[in-house]
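Colleague: Sharing query.txt (compact mmCIF, C-alpha atoms (C1' of nucleotides)) below.
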# COMPACT_ATOMS: atom_id res chain seq x y z
CA MET I 25 -33.09 83.18 45.00
CA ALA I 26 -34.95 80.50 46.91
CA ALA I 27 -38.36 82.07 46.43
CA GLU I 28 -37.85 82.29 42.69
CA LYS I 29 -36.77 78.71 42.46
CA LYS I 30 -39.80 77.64 44.43
CA LEU I 31 -42.07 79.59 42.11
CA LYS I 32 -40.44 78.01 39.09
CA GLU I 33 -41.01 74.52 40.50
CA LYS I 34 -44.61 75.40 41.25
CA VAL I 35 -45.17 76.62 37.71
CA GLU I 36 -43.72 73.41 36.31
CA LYS I 37 -46.07 71.30 38.41
CA ILE I 38 -49.03 73.40 37.32
CA LEU I 39 -48.10 73.17 33.66
CA ILE I 40 -47.68 69.40 33.84
CA TYR I 41 -50.97 68.97 35.68
CA LEU I 42 -52.89 71.15 33.24
CA GLU I 43 -51.40 69.39 30.24
CA GLU I 44 -52.28 65.99 31.70
CA LYS I 45 -55.79 66.96 32.66
CA TYR I 46 -56.74 69.22 29.75
CA PRO I 47 -54.58 68.12 26.81
CA GLU I 48 -57.19 69.19 24.27
CA ALA I 49 -58.02 72.59 25.77
CA VAL I 50 -59.08 75.04 23.08
CA CYS I 51 -61.16 78.17 22.70
CA SER I 52 -64.74 77.19 23.50
CA LEU I 53 -66.34 79.98 21.52
CA ASN I 54 -67.53 78.78 18.10
CA PHE I 55 -66.06 80.67 15.14
CA LYS I 56 -65.05 80.13 11.54
CA ASN I 57 -62.75 83.13 11.03
CA PRO I 58 -61.06 85.95 12.96
CA PHE I 59 -64.03 88.24 12.48
CA GLN I 60 -66.48 85.80 14.02
CA LEU I 61 -64.15 85.25 16.97
CA LEU I 62 -63.89 89.00 17.50
CA ILE I 63 -67.67 89.41 17.64
CA ALA I 64 -68.17 86.30 19.77
CA THR I 65 -65.60 87.54 22.26
CA ILE I 66 -67.20 90.98 22.49
CA LEU I 67 -70.48 89.22 23.24
CA SER I 68 -68.87 87.01 25.88
CA ALA I 69 -68.41 89.83 28.41
CA GLN I 70 -70.10 88.76 31.65
CA CYS I 71 -71.83 85.91 29.85
CA THR I 72 -71.12 82.21 29.49
CA ASP I 73 -69.47 81.06 26.27
CA LYS I 74 -72.24 78.51 25.99
CA ARG I 75 -74.87 81.25 25.75
CA VAL I 76 -72.73 83.14 23.21
CA ASN I 77 -72.56 80.06 20.99
CA VAL I 78 -76.35 79.74 21.00
CA VAL I 79 -76.67 83.37 19.93
CA THR I 80 -73.92 83.43 17.29
CA LYS I 81 -75.27 80.37 15.52
CA ASP I 82 -78.08 82.40 13.97
CA LEU I 83 -76.35 85.76 14.28
CA PHE I 84 -73.62 84.93 11.76
CA LYS I 85 -76.18 83.75 9.22
CA LYS I 86 -77.91 87.10 9.37
CA TYR I 87 -74.71 89.12 9.66
CA PRO I 88 -71.90 87.22 7.91
CA ASP I 89 -69.25 89.95 8.00
CA ALA I 90 -68.25 93.43 9.17
CA PHE I 91 -70.15 95.05 6.30
CA ALA I 92 -73.40 93.43 7.40
CA PHE I 93 -72.97 94.51 11.05
CA ALA I 94 -71.92 98.01 9.97
CA ASN I 95 -75.30 98.43 8.28
CA ALA I 96 -77.36 96.59 10.88
CA ASP I 97 -80.53 98.01 12.33
CA PRO I 98 -79.72 98.61 16.02
CA LYS I 99 -83.13 97.38 17.21
CA GLU I 100 -82.85 94.14 15.30
CA LEU I 101 -79.30 93.53 16.47
CA GLN I 102 -80.32 94.25 20.07
CA GLU I 103 -82.98 91.56 19.95
CA ALA I 104 -80.62 89.09 18.32
CA ILE I 105 -78.06 89.39 21.09
CA ARG I 106 -80.34 90.27 24.02
CA SER I 107 -79.80 87.05 25.94
CA THR I 108 -76.06 87.70 26.30
CA GLY I 109 -76.74 90.68 28.57
CA PHE I 110 -75.46 94.28 28.28
CA TYR I 111 -77.16 94.15 24.92
CA ARG I 112 -77.52 97.89 24.35
CA ASN I 113 -73.83 98.57 24.94
CA LYS I 114 -72.80 95.53 22.96
CA THR I 115 -74.99 96.53 20.02
CA LYS I 116 -73.57 100.03 19.96
CA ASN I 117 -70.03 98.73 20.27
CA ILE I 118 -70.38 96.06 17.59
CA ILE I 119 -71.85 98.44 15.03
CA SER I 120 -69.22 101.08 15.78
CA CYS I 121 -66.47 98.47 15.76
CA CYS I 122 -67.57 97.06 12.41
CA ARG I 123 -67.87 100.50 10.82
CA ASP I 124 -64.28 101.07 11.86
CA LEU I 125 -63.25 97.71 10.44
CA VAL I 126 -64.87 98.62 7.13
CA LYS I 127 -63.48 102.14 7.03
CA LYS I 128 -59.94 101.51 8.25
CA TYR I 129 -59.22 97.88 7.50
CA GLY I 130 -61.33 96.95 4.49
CA GLY I 131 -63.54 94.78 6.68
CA GLU I 132 -60.60 92.67 7.87
CA VAL I 133 -59.55 92.17 11.50
CA PRO I 134 -56.23 93.85 12.37
CA GLN I 135 -53.49 91.81 14.01
CA THR I 136 -51.94 94.08 16.61
CA LEU I 137 -52.99 94.74 20.19
CA GLU I 138 -53.03 98.50 19.62
CA GLU I 139 -55.26 98.35 16.56
CA LEU I 140 -57.61 95.84 18.14
CA THR I 141 -58.04 97.73 21.41
CA SER I 142 -58.78 100.92 19.48
CA LEU I 143 -62.02 99.27 18.32
CA ALA I 144 -65.22 99.90 20.28
CA GLY I 145 -65.96 97.16 22.80
CA VAL I 146 -62.53 95.60 22.40
CA GLY I 147 -60.35 95.69 25.49
CA ARG I 148 -57.13 93.92 26.27
CA LYS I 149 -58.77 90.60 27.07
CA THR I 150 -60.79 90.47 23.85
CA ALA I 151 -57.80 91.56 21.77
CA ASN I 152 -55.64 88.84 23.28
CA VAL I 153 -58.25 86.17 22.54
CA VAL I 154 -58.30 87.20 18.87
CA LEU I 155 -54.50 87.38 18.61
CA GLY I 156 -54.03 84.02 20.30
CA ASP I 157 -56.83 81.96 18.80
CA ALA I 158 -57.45 83.52 15.40
CA PHE I 159 -53.90 84.54 14.50
CA ASN I 160 -51.82 82.11 16.56
CA ILE I 161 -49.80 84.88 18.13
CA PRO I 162 -48.85 83.75 21.68
CA ARG I 163 -50.86 85.65 24.31
CA ILE I 164 -51.98 85.14 27.86
CA VAL I 165 -55.64 85.98 28.21
CA VAL I 166 -56.43 87.19 31.72
CA ASP I 167 -60.15 86.85 32.16
CA THR I 168 -62.07 86.33 35.38
CA HIS I 169 -61.01 82.66 35.60
CA VAL I 170 -57.31 83.18 34.90
CA LYS I 171 -57.27 86.03 37.39
CA ARG I 172 -58.93 83.96 40.11
CA LEU I 173 -56.81 80.85 39.61
CA SER I 174 -53.54 82.74 39.27
CA ARG I 175 -54.19 84.46 42.57
CA ARG I 176 -55.32 81.33 44.36
CA LEU I 177 -52.28 79.42 43.13
CA GLY I 178 -49.95 82.21 44.18
CA LEU I 179 -48.69 82.97 40.66
CA THR I 180 -49.39 86.66 41.22
CA ARG I 181 -50.50 88.99 43.96
CA GLU I 182 -51.73 91.60 41.52
CA GLU I 183 -55.35 92.59 41.15
CA ASN I 184 -55.09 94.39 37.81
CA PRO I 185 -55.50 91.99 34.81
CA GLU I 186 -52.75 93.66 32.80
CA LYS I 187 -50.28 93.37 35.67
CA ILE I 188 -51.31 89.75 36.14
CA GLU I 189 -50.67 89.18 32.44
CA PHE I 190 -47.13 90.53 32.79
CA ASP I 191 -46.48 88.43 35.90
CA LEU I 192 -47.62 85.31 34.07
CA MET I 193 -45.59 86.09 30.95
CA LYS I 194 -42.46 86.14 33.10
CA ILE I 195 -43.00 82.62 34.43
CA ILE I 196 -44.78 80.77 31.61
CA PRO I 197 -42.89 79.70 28.47
CA THR I 198 -44.05 81.73 25.46
CA GLU I 199 -45.12 78.70 23.45
CA ARG I 200 -47.56 77.74 26.22
CA TRP I 201 -49.21 81.13 26.68
CA THR I 202 -52.34 80.62 24.62
CA LYS I 203 -53.02 77.05 25.70
CA PHE I 204 -52.26 77.86 29.33
CA GLY I 205 -55.13 80.33 29.29
CA HIS I 206 -57.56 77.76 27.90
CA GLN I 207 -56.46 75.14 30.39
CA MET I 208 -56.82 77.51 33.33
CA ILE I 209 -60.31 78.40 32.12
CA TYR I 210 -61.30 74.72 31.81
CA HIS I 211 -60.01 74.14 35.32
CA GLY I 212 -61.74 77.25 36.57
CA ARG I 213 -65.07 76.22 35.11
CA THR I 214 -65.03 72.63 36.37
CA ILE I 215 -62.92 72.48 39.56
CA CYS I 216 -61.54 75.78 40.77
CA LYS I 217 -64.89 77.53 40.57
CA ALA I 218 -65.49 81.00 41.96
CA ARG I 219 -68.06 79.59 44.37
CA ASN I 220 -67.50 76.32 46.20
CA PRO I 221 -64.29 75.25 44.49
CA LYS I 222 -63.84 71.47 44.47
CA CYS I 223 -60.48 71.47 46.21
CA ASP I 224 -60.85 67.78 47.12
CA SER I 225 -60.83 66.78 43.47
CA CYS I 226 -58.07 69.19 42.46
CA GLY I 227 -54.59 67.82 41.88
CA LEU I 228 -53.03 71.14 42.80
CA VAL I 229 -54.22 71.46 46.42
CA GLU I 230 -50.78 70.82 47.85
CA ILE I 231 -49.20 73.76 46.07
CA CYS I 232 -52.27 76.01 46.19
CA GLU I 233 -52.45 78.96 48.56
CA TYR I 234 -56.20 79.29 48.43
CA PRO I 235 -57.07 77.13 51.43
CA SER I 236 -54.87 79.41 53.58
CA ILE I 237 -55.46 82.84 52.10
CA LYS I 238 -59.10 82.37 51.04
CA GLU I 239 -58.89 85.17 48.48
CA GLU I 240 -57.87 87.62 51.31
C1' DC U 22 -65.47 104.02 40.92
C1' DT U 23 -70.12 103.09 38.43
C1' DC U 24 -72.93 101.45 34.92
C1' DC U 25 -74.31 98.16 31.65
C1' DC U 26 -77.93 93.39 32.11
C1' DG U 27 -79.90 88.50 30.90
C1' DA U 28 -79.28 83.58 32.19
C1' DT U 29 -77.99 80.20 35.30
C1' DA U 30 -76.21 77.77 39.55
C1' DT U 31 -76.49 77.53 44.38
C1' DA J 26 -82.31 85.80 47.04
C1' DT J 27 -77.74 86.25 45.44
C1' DA J 28 -73.33 85.36 43.17
C1' DT J 29 -71.33 84.73 38.90
C1' DC J 30 -70.61 84.34 33.97
C1' DA J 31 -64.08 84.03 28.51
C1' DG J 32 -65.34 92.75 30.26
C1' DG J 33 -65.32 97.43 28.62
C1' DA J 34 -66.36 102.35 28.69
C1' DG J 35 -67.11 106.76 30.90
Translate the structure of the given file into structure tokens.

Modeller:
Amino acid sequence: MAAEKKLKEKVEKILIYLEEKYPEAVCSLNFKNPFQLLIATILSAQCTDKRVNVVTKDLFKKYPDAFAFANADPKELQEAIRSTGFYRNKTKNIISCCRDLVKKYGGEVPQTLEELTSLAGVGRKTANVVLGDAFNIPRIVVDTHVKRLSRRLGLTREENPEKIEFDLMKIIPTERWTKFGHQMIYHGRTICKARNPKCDSCGLVEICEYPSIKEE
DNA sequence: CTCCCGATAT
DNA sequence: ATATCAGGAG
């Protein structure tokens, strides 16, 4: 099919561009083990990774593992993470999540999507971050950036993050899944921003549909 | 669909 | 003033 071939060529150009421009793209949340990445990612909901890193620096000294969070005083934890926003929900979720980790997994972080998403405050996006970056299991993380860029570039027409994830998995080679997500996020933060995207300094303008569709 | 919510850029 | 930030739960 002509349309499929065209899409395949587009994907190749995007992958080459991203690899050239962001060869070192990695997870920008600071963490030393899977558990820390899990907590940092829960905190990152509707918050910049930069802010999360400021908070987790002291947070992980006070609460080094799931056992510590499981026994945390809610008020104290709330204050510690307040600046990341949604701090009441996040506090409740983290304590509940860590109690589950202690009770069901001996304080360790499970390594399947189903087990991870069964934890409080852990949705598909968070689970995929942990699987990809802590356990090196190939995953495409569809966060707000990946969703926006994928739609602008015409890689999907879907609105639902899970559907977008499946669309992307069909057209991106498995071994690139995790890094692709990081590279899209780098690009989304610096060039293809939600507001006032810098299309003039983007090497993908020619194959991008954004200038014509303008989000819809 | 709504609610959660502080920090920052524009 | 308002949009947006590595979303998830009810």

Colleague: I need the contact residues of chain J against chain I, so if you could list those with any atom within 7 Å, counting only C-alpha atoms (C1' of nucleotides), and return them as an mmCIF file with C-alpha atoms (C1' of nucleotides), keeping the file's coordinate frame, that would help.

Modeller:
data_model
loop_
_atom_site.group_PDB
_atom_site.id
_atom_site.type_symbol
_atom_site.label_atom_id
_atom_site.label_comp_id
_atom_site.auth_asym_id
_atom_site.auth_seq_id
_atom_site.Cartn_x
_atom_site.Cartn_y
_atom_site.Cartn_z
ATOM 1 C "C1'" DC J 30 -70.610 84.340 33.970
ATOM 2 C "C1'" DA J 31 -64.080 84.030 28.510
ATOM 3 C "C1'" DG J 32 -65.340 92.750 30.260
ATOM 4 C "C1'" DG J 33 -65.320 97.430 28.620
#

Colleague: Chain I near chain U within 8 Å: what's each residue's closest atom pair and its distance in Å to one decimal, counting all atoms listed in the file, ordered by chain then ascending residue number, as a Markdown table?

Modeller:
| residue | atom | partner | partner_atom | distance |
| --- | --- | --- | --- | --- |
| I:Arg106 | CA | U:DG27 | C1' | 7.1 |
| I:Ser107 | CA | U:DG27 | C1' | 5.2 |
| I:Thr108 | CA | U:DG27 | C1' | 6.0 |
| I:Gly109 | CA | U:DG27 | C1' | 4.5 |
| I:Phe110 | CA | U:DC26 | C1' | 4.6 |
| I:Tyr111 | CA | U:DC26 | C1' | 7.3 |
| I:Arg112 | CA | U:DC25 | C1' | 8.0 |
| I:Asn113 | CA | U:DC25 | C1' | 6.7 |

Colleague: Could you work out how far CA of Leu31 (chain I) lies from CA of Leu155 (chain I), giving the answer in Å with one decimal?

Modeller: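 Rounded to one decimal, the two atoms are 27.7 Å apart.
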
Colleague: To one decimal place, how far is CA of Gly178 (chain I) from CA of Tyr234 (chain I) in Å?

Modeller: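 So the answer is 8.1 Å.
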
Colleague: I'd like the interatomic distance between CA of Lys99 (chain I) and CA of Lys116 (chain I), to a tenth of an Å.

Modeller: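 So the two atoms, CA of Lys99 (chain I) and CA of Lys116 (chain I), lie 10.3 Å apart.
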
Colleague: Compile the contact shell of Arg200 (chain I) as number ranges by chain: residues with an atom at most 10 Å away, counting all atoms listed in the file, same-chain residues fewer than 4 positions apart removed.

Modeller: I: 39, 162-164, 193, 196, 204-205
